[in-house]
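K.L.:
Below is one structure. I have some questions about it.
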Amino acid sequence: VKAKYKRVLMKSMFKMEEIAIRKAPFDIGYLRANITLFPQILSNNYTLKSAASYSEDLEFGNNPRNVKYDDILKWVKRKRIRTNNESAAAFAMYVKKKIKRKGVNAQPYMRPALQEVKEIWFPIILKEEFSSD
C-alpha cells in the first residue's frame, strides 16, 4: 500500500508539472522551459518551481514600480502589438506608466495546476493505482 501511495504522489507531481508548463504565460518560452520538478525520492518530497526570475511576479502579480522603457518596447515589438514604430513607442510608454501606477496583474499557473491535480487528476491516479487490488 505504501508503495502505491508513493506512486500516486509521484504521478500527481509529474501531472502538476505538465499542467503548470501548459498554463504558464508564454512570451519567449523562458518561463515554460524553466518549470522543473525536483523529486527527492528517498524522502518522498517534491519541489516544483521555475528558475525564471519573474516567476513570482507572474504567479501573484506585483505592486506598482518603475520598469525600463526599452524592455517594454522590446516586449511590444516581440508581441507585434503595434505595427509601426511610432505606435509601438506610444503603447510601450502607456504600459510603462500603467505598471508604475497599478503594477502588473497576476497570471497564475502553479496554483491552477495544483487545483486541477487535486480536483481532477489525483482521484483518477488514486483509482488507477488501487483498482488492480
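Ordered as shown in the C-alpha cells, chains take letters A, B, and onward, while each chain numbers its residues from 1 and ligands are numbered from 1 in the order shown.
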Quick one: everything within 8 Å of range 66-83 of chain A, counting only C-alpha atoms, minus sequence neighbours fewer than 6 positions away in the same chain. Send it as a VMD selection string.

P.N.:
chain A and resid 27 89 91 to 93 95 to 96 99 to 100

K.L.:
Save out the residues we just selected, N, CA, C and O atoms, as an mmCIF file, in the first residue's frame.

P.N.:
data_model
loop_
_atom_site.group_PDB
_atom_site.id
_atom_site.type_symbol
_atom_site.label_atom_id
_atom_site.label_comp_id
_atom_site.auth_asym_id
_atom_site.auth_seq_id
_atom_site.Cartn_x
_atom_site.Cartn_y
_atom_site.Cartn_z
ATOM 1 N N ASP A 27 5.742 34.060 -23.606
ATOM 2 C CA ASP A 27 6.261 35.184 -24.383
ATOM 3 C C ASP A 27 7.390 34.651 -25.254
ATOM 4 O O ASP A 27 7.203 34.390 -26.424
ATOM 5 N N ALA A 89 6.025 52.692 -29.848
ATOM 6 C CA ALA A 89 6.642 53.532 -28.819
ATOM 7 C C ALA A 89 5.574 54.133 -27.899
ATOM 8 O O ALA A 89 5.737 54.162 -26.681
ATOM 9 N N PHE A 91 2.562 52.919 -27.286
ATOM 10 C CA PHE A 91 1.972 51.855 -26.475
ATOM 11 C C PHE A 91 2.931 51.425 -25.362
ATOM 12 O O PHE A 91 2.515 51.192 -24.224
ATOM 13 N N ALA A 92 4.214 51.341 -25.677
ATOM 14 C CA ALA A 92 5.217 50.983 -24.660
ATOM 15 C C ALA A 92 5.210 52.006 -23.528
ATOM 16 O O ALA A 92 5.297 51.639 -22.347
ATOM 17 N N MET A 93 5.102 53.277 -23.860
ATOM 18 C CA MET A 93 5.058 54.315 -22.837
ATOM 19 C C MET A 93 3.791 54.185 -21.992
ATOM 20 O O MET A 93 3.827 54.332 -20.767
ATOM 21 N N VAL A 95 2.137 51.386 -21.342
ATOM 22 C CA VAL A 95 2.318 50.217 -20.473
ATOM 23 C C VAL A 95 3.262 50.560 -19.323
ATOM 24 O O VAL A 95 2.997 50.200 -18.168
ATOM 25 N N LYS A 96 4.348 51.253 -19.626
ATOM 26 C CA LYS A 96 5.305 51.650 -18.583
ATOM 27 C C LYS A 96 4.607 52.481 -17.508
ATOM 28 O O LYS A 96 4.770 52.226 -16.304
ATOM 29 N N ILE A 99 2.170 50.301 -15.395
ATOM 30 C CA ILE A 99 2.876 49.477 -14.410
ATOM 31 C C ILE A 99 3.346 50.334 -13.240
ATOM 32 O O ILE A 99 3.268 49.919 -12.083
ATOM 33 N N LYS A 100 3.780 51.547 -13.538
ATOM 34 C CA LYS A 100 4.213 52.454 -12.467
ATOM 35 C C LYS A 100 3.035 52.842 -11.571
ATOM 36 O O LYS A 100 3.190 53.003 -10.366
#

K.L.:
Excluding same-chain residues fewer than 6 positions from range 2-10 of chain A, what lies within 8 Å of it counting only C-alpha atoms, as a PyMOL selection string?

P.N.:
chain A and resi 44+122+125-126+129-130

K.L.:
Restricting it to N, CA, C and O atoms, dump the selection as a compact mmCIF listing (two decimals), in the first residue's frame.

P.N.:
# COMPACT_ATOMS: atom_id res chain seq x y z
N ASN A 44 10.42 11.21 -0.26
CA ASN A 44 9.07 11.43 -0.78
C ASN A 44 8.68 12.90 -0.82
O ASN A 44 7.52 13.24 -0.67
N PHE A 122 -5.79 13.71 -9.18
CA PHE A 122 -5.47 12.89 -8.01
C PHE A 122 -6.47 11.74 -7.85
O PHE A 122 -6.06 10.58 -7.69
N ILE A 125 -5.72 9.13 -10.61
CA ILE A 125 -4.48 8.41 -10.36
C ILE A 125 -4.64 7.44 -9.18
O ILE A 125 -4.19 6.30 -9.24
N LEU A 126 -5.31 7.90 -8.16
CA LEU A 126 -5.56 7.06 -6.99
C LEU A 126 -6.36 5.81 -7.39
O LEU A 126 -6.01 4.69 -7.01
N GLU A 129 -4.18 3.32 -9.43
CA GLU A 129 -3.21 2.58 -8.62
C GLU A 129 -3.87 1.51 -7.76
O GLU A 129 -3.29 0.45 -7.55
N PHE A 130 -5.05 1.79 -7.26
CA PHE A 130 -5.67 0.87 -6.31
C PHE A 130 -6.76 -0.02 -6.92
O PHE A 130 -7.30 -0.88 -6.24

K.L.:
Choose the residue, out of A:Asn34, A:Ser87, A:Ser131, A:Gln115, that has the smallest atom-to-atom separation from Met16 in chain A; count only C-alpha atoms.

P.N.:
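Of the candidates, the smallest distance to Met16 in chain A is held by A:Gln115.
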
K.L.:
Output as a short mmCIF file (atom, residue, chain, number, x, y, z; two decimals) with N, CA and C atoms, in the first residue's frame all residues of chain A that backbone DSSP marks as alpha helix (DSSP H).

P.N.:
data_model
loop_
_atom_site.label_atom_id
_atom_site.label_comp_id
_atom_site.auth_asym_id
_atom_site.auth_seq_id
_atom_site.Cartn_x
_atom_site.Cartn_y
_atom_site.Cartn_z
N LYS A 2 1.93 1.24 0.81
CA LYS A 2 2.82 2.39 0.89
C LYS A 2 3.46 2.69 -0.47
N ALA A 3 3.87 1.66 -1.17
CA ALA A 3 4.49 1.83 -2.50
C ALA A 3 3.48 2.43 -3.48
N LYS A 4 2.23 2.02 -3.37
CA LYS A 4 1.20 2.57 -4.26
C LYS A 4 0.96 4.05 -3.98
N TYR A 5 0.93 4.42 -2.71
CA TYR A 5 0.75 5.83 -2.37
C TYR A 5 1.94 6.67 -2.85
N LYS A 6 3.13 6.10 -2.81
CA LYS A 6 4.31 6.80 -3.33
C LYS A 6 4.16 7.04 -4.83
N ARG A 7 3.65 6.04 -5.56
CA ARG A 7 3.42 6.19 -7.00
C ARG A 7 2.32 7.22 -7.28
N VAL A 8 1.29 7.25 -6.44
CA VAL A 8 0.22 8.24 -6.59
C VAL A 8 0.81 9.65 -6.45
N LEU A 9 1.62 9.83 -5.43
CA LEU A 9 2.25 11.14 -5.21
C LEU A 9 3.15 11.50 -6.39
N MET A 10 3.98 10.56 -6.82
CA MET A 10 4.91 10.82 -7.93
C MET A 10 4.14 11.18 -9.20
N LYS A 11 3.13 10.39 -9.55
CA LYS A 11 2.36 10.65 -10.77
C LYS A 11 1.61 11.98 -10.67
N SER A 12 1.10 12.29 -9.49
CA SER A 12 0.40 13.56 -9.29
C SER A 12 1.34 14.75 -9.49
N MET A 13 2.55 14.62 -8.99
CA MET A 13 3.52 15.72 -9.14
C MET A 13 3.96 15.87 -10.59
N PHE A 14 4.16 14.77 -11.30
CA PHE A 14 4.51 14.87 -12.72
C PHE A 14 3.36 15.50 -13.51
N LYS A 15 2.13 15.17 -13.14
CA LYS A 15 0.97 15.77 -13.80
C LYS A 15 0.92 17.27 -13.51
N MET A 16 1.21 17.65 -12.27
CA MET A 16 1.19 19.07 -11.91
C MET A 16 2.25 19.83 -12.70
N GLU A 17 3.43 19.24 -12.87
CA GLU A 17 4.48 19.89 -13.68
C GLU A 17 3.99 20.09 -15.11
N GLU A 18 3.39 19.08 -15.68
CA GLU A 18 2.87 19.14 -17.05
C GLU A 18 1.82 20.26 -17.19
N ILE A 19 0.92 20.33 -16.24
CA ILE A 19 -0.15 21.34 -16.30
C ILE A 19 0.41 22.74 -16.09
N ALA A 20 1.33 22.91 -15.15
CA ALA A 20 1.93 24.22 -14.91
C ALA A 20 2.64 24.72 -16.16
N ILE A 21 3.35 23.84 -16.84
CA ILE A 21 4.03 24.24 -18.07
C ILE A 21 3.01 24.67 -19.12
N ARG A 22 1.94 23.92 -19.24
CA ARG A 22 0.90 24.26 -20.23
C ARG A 22 0.19 25.57 -19.90
N LYS A 23 -0.03 25.84 -18.61
CA LYS A 23 -0.77 27.03 -18.19
C LYS A 23 0.10 28.28 -18.06
N TYR A 30 10.84 31.21 -22.00
CA TYR A 30 11.80 31.00 -20.92
C TYR A 30 11.13 30.46 -19.66
N LEU A 31 9.98 31.01 -19.30
CA LEU A 31 9.29 30.55 -18.10
C LEU A 31 8.93 29.07 -18.22
N ARG A 32 8.30 28.70 -19.31
CA ARG A 32 7.89 27.31 -19.51
C ARG A 32 9.09 26.37 -19.52
N ALA A 33 10.16 26.79 -20.13
CA ALA A 33 11.36 25.95 -20.22
C ALA A 33 12.03 25.75 -18.86
N SER A 55 9.06 34.64 -12.18
CA SER A 55 8.01 33.64 -11.93
C SER A 55 7.00 34.11 -10.89
N GLU A 56 7.51 34.60 -9.78
CA GLU A 56 6.63 35.04 -8.69
C GLU A 56 5.76 36.21 -9.12
N ASP A 57 6.33 37.14 -9.89
CA ASP A 57 5.57 38.29 -10.37
C ASP A 57 4.41 37.84 -11.25
N LEU A 58 4.63 36.83 -12.08
CA LEU A 58 3.56 36.33 -12.93
C LEU A 58 2.52 35.57 -12.12
N GLU A 59 2.97 34.77 -11.17
CA GLU A 59 2.03 33.97 -10.37
C GLU A 59 1.15 34.84 -9.48
N PHE A 60 1.74 35.87 -8.86
CA PHE A 60 1.00 36.65 -7.86
C PHE A 60 0.75 38.11 -8.25
N TYR A 69 11.84 51.39 -19.99
CA TYR A 69 11.09 51.62 -21.22
C TYR A 69 11.55 50.69 -22.32
N ASP A 70 12.87 50.52 -22.47
CA ASP A 70 13.41 49.67 -23.54
C ASP A 70 12.92 48.23 -23.43
N ASP A 71 12.82 47.73 -22.20
CA ASP A 71 12.32 46.37 -22.02
C ASP A 71 10.86 46.25 -22.47
N ILE A 72 10.06 47.26 -22.14
CA ILE A 72 8.65 47.24 -22.53
C ILE A 72 8.53 47.37 -24.05
N LEU A 73 9.33 48.24 -24.64
CA LEU A 73 9.29 48.42 -26.10
C LEU A 73 9.66 47.11 -26.81
N LYS A 74 10.68 46.43 -26.32
CA LYS A 74 11.06 45.13 -26.91
C LYS A 74 9.90 44.15 -26.82
N TRP A 75 9.22 44.14 -25.68
CA TRP A 75 8.08 43.24 -25.49
C TRP A 75 6.96 43.57 -26.48
N VAL A 76 6.65 44.87 -26.63
CA VAL A 76 5.61 45.31 -27.57
C VAL A 76 5.94 44.87 -28.99
N LYS A 77 7.20 45.03 -29.38
CA LYS A 77 7.61 44.65 -30.74
C LYS A 77 7.59 43.13 -30.91
N ARG A 78 8.02 42.41 -29.87
CA ARG A 78 8.04 40.95 -29.95
C ARG A 78 6.62 40.39 -30.09
N LYS A 79 5.69 41.01 -29.39
CA LYS A 79 4.29 40.58 -29.44
C LYS A 79 3.54 41.13 -30.65
N ASN A 85 6.62 51.82 -35.73
CA ASN A 85 7.48 52.23 -34.62
C ASN A 85 6.85 53.30 -33.74
N GLU A 86 6.15 54.23 -34.36
CA GLU A 86 5.54 55.32 -33.59
C GLU A 86 4.45 54.80 -32.65
N SER A 87 3.58 53.95 -33.15
CA SER A 87 2.52 53.43 -32.29
C SER A 87 3.08 52.43 -31.27
N ALA A 88 4.13 51.70 -31.63
CA ALA A 88 4.77 50.79 -30.68
C ALA A 88 5.38 51.59 -29.53
N ALA A 89 6.03 52.69 -29.85
CA ALA A 89 6.64 53.53 -28.82
C ALA A 89 5.57 54.13 -27.90
N ALA A 90 4.48 54.59 -28.47
CA ALA A 90 3.39 55.17 -27.67
C ALA A 90 2.77 54.11 -26.76
N PHE A 91 2.56 52.92 -27.29
CA PHE A 91 1.97 51.85 -26.47
C PHE A 91 2.93 51.43 -25.36
N ALA A 92 4.21 51.34 -25.68
CA ALA A 92 5.22 50.98 -24.66
C ALA A 92 5.21 52.01 -23.53
N MET A 93 5.10 53.28 -23.86
CA MET A 93 5.06 54.31 -22.84
C MET A 93 3.79 54.19 -21.99
N TYR A 94 2.66 53.88 -22.64
CA TYR A 94 1.41 53.66 -21.92
C TYR A 94 1.56 52.51 -20.91
N VAL A 95 2.14 51.39 -21.34
CA VAL A 95 2.32 50.22 -20.47
C VAL A 95 3.26 50.56 -19.32
N LYS A 96 4.35 51.25 -19.63
CA LYS A 96 5.31 51.65 -18.58
C LYS A 96 4.61 52.48 -17.51
N LYS A 97 3.80 53.46 -17.93
CA LYS A 97 3.09 54.31 -16.97
C LYS A 97 2.05 53.52 -16.17
N LYS A 98 1.38 52.59 -16.85
CA LYS A 98 0.38 51.77 -16.17
C LYS A 98 1.03 50.90 -15.09
N ILE A 99 2.17 50.30 -15.40
CA ILE A 99 2.88 49.48 -14.41
C ILE A 99 3.35 50.33 -13.24
N LYS A 100 3.78 51.55 -13.54
CA LYS A 100 4.21 52.45 -12.47
C LYS A 100 3.03 52.84 -11.57
N ARG A 101 1.84 52.99 -12.15
CA ARG A 101 0.65 53.37 -11.40
C ARG A 101 -0.04 52.19 -10.71
N LYS A 102 -0.17 51.07 -11.42
CA LYS A 102 -1.01 49.99 -10.92
C LYS A 102 -0.30 48.66 -10.68
N MET A 110 0.88 28.05 -11.45
CA MET A 110 1.18 26.99 -10.49
C MET A 110 -0.05 26.65 -9.64
N ARG A 111 -0.70 27.67 -9.10
CA ARG A 111 -1.88 27.41 -8.26
C ARG A 111 -3.01 26.74 -9.04
N PRO A 112 -3.30 27.17 -10.27
CA PRO A 112 -4.32 26.45 -11.04
C PRO A 112 -3.91 25.01 -11.35
N ALA A 113 -2.61 24.79 -11.55
CA ALA A 113 -2.14 23.42 -11.80
C ALA A 113 -2.38 22.55 -10.57
N LEU A 114 -2.07 23.08 -9.39
CA LEU A 114 -2.31 22.34 -8.15
C LEU A 114 -3.80 22.05 -7.99
N GLN A 115 -4.64 23.04 -8.24
CA GLN A 115 -6.08 22.86 -8.11
C GLN A 115 -6.60 21.79 -9.06
N GLU A 116 -6.13 21.81 -10.29
CA GLU A 116 -6.57 20.82 -11.27
C GLU A 116 -6.15 19.40 -10.86
N PHE A 122 -5.79 13.71 -9.18
CA PHE A 122 -5.47 12.89 -8.01
C PHE A 122 -6.47 11.74 -7.85
N PRO A 123 -7.78 12.00 -7.92
CA PRO A 123 -8.73 10.88 -7.80
C PRO A 123 -8.56 9.83 -8.91
N ILE A 124 -8.25 10.28 -10.12
CA ILE A 124 -8.05 9.35 -11.24
C ILE A 124 -6.82 8.49 -10.99
N ILE A 125 -5.72 9.13 -10.61
CA ILE A 125 -4.48 8.41 -10.36
C ILE A 125 -4.64 7.44 -9.18
N LEU A 126 -5.31 7.90 -8.16
CA LEU A 126 -5.56 7.06 -6.99
C LEU A 126 -6.36 5.81 -7.39
N LYS A 127 -7.39 6.01 -8.17
CA LYS A 127 -8.22 4.88 -8.62
C LYS A 127 -7.41 3.92 -9.49
N GLU A 128 -6.58 4.47 -10.39
CA GLU A 128 -5.74 3.62 -11.25
C GLU A 128 -4.82 2.73 -10.42
N GLU A 129 -4.18 3.32 -9.43
CA GLU A 129 -3.21 2.58 -8.62
C GLU A 129 -3.87 1.51 -7.76
N PHE A 130 -5.05 1.79 -7.26
CA PHE A 130 -5.67 0.87 -6.31
C PHE A 130 -6.76 -0.02 -6.92
#
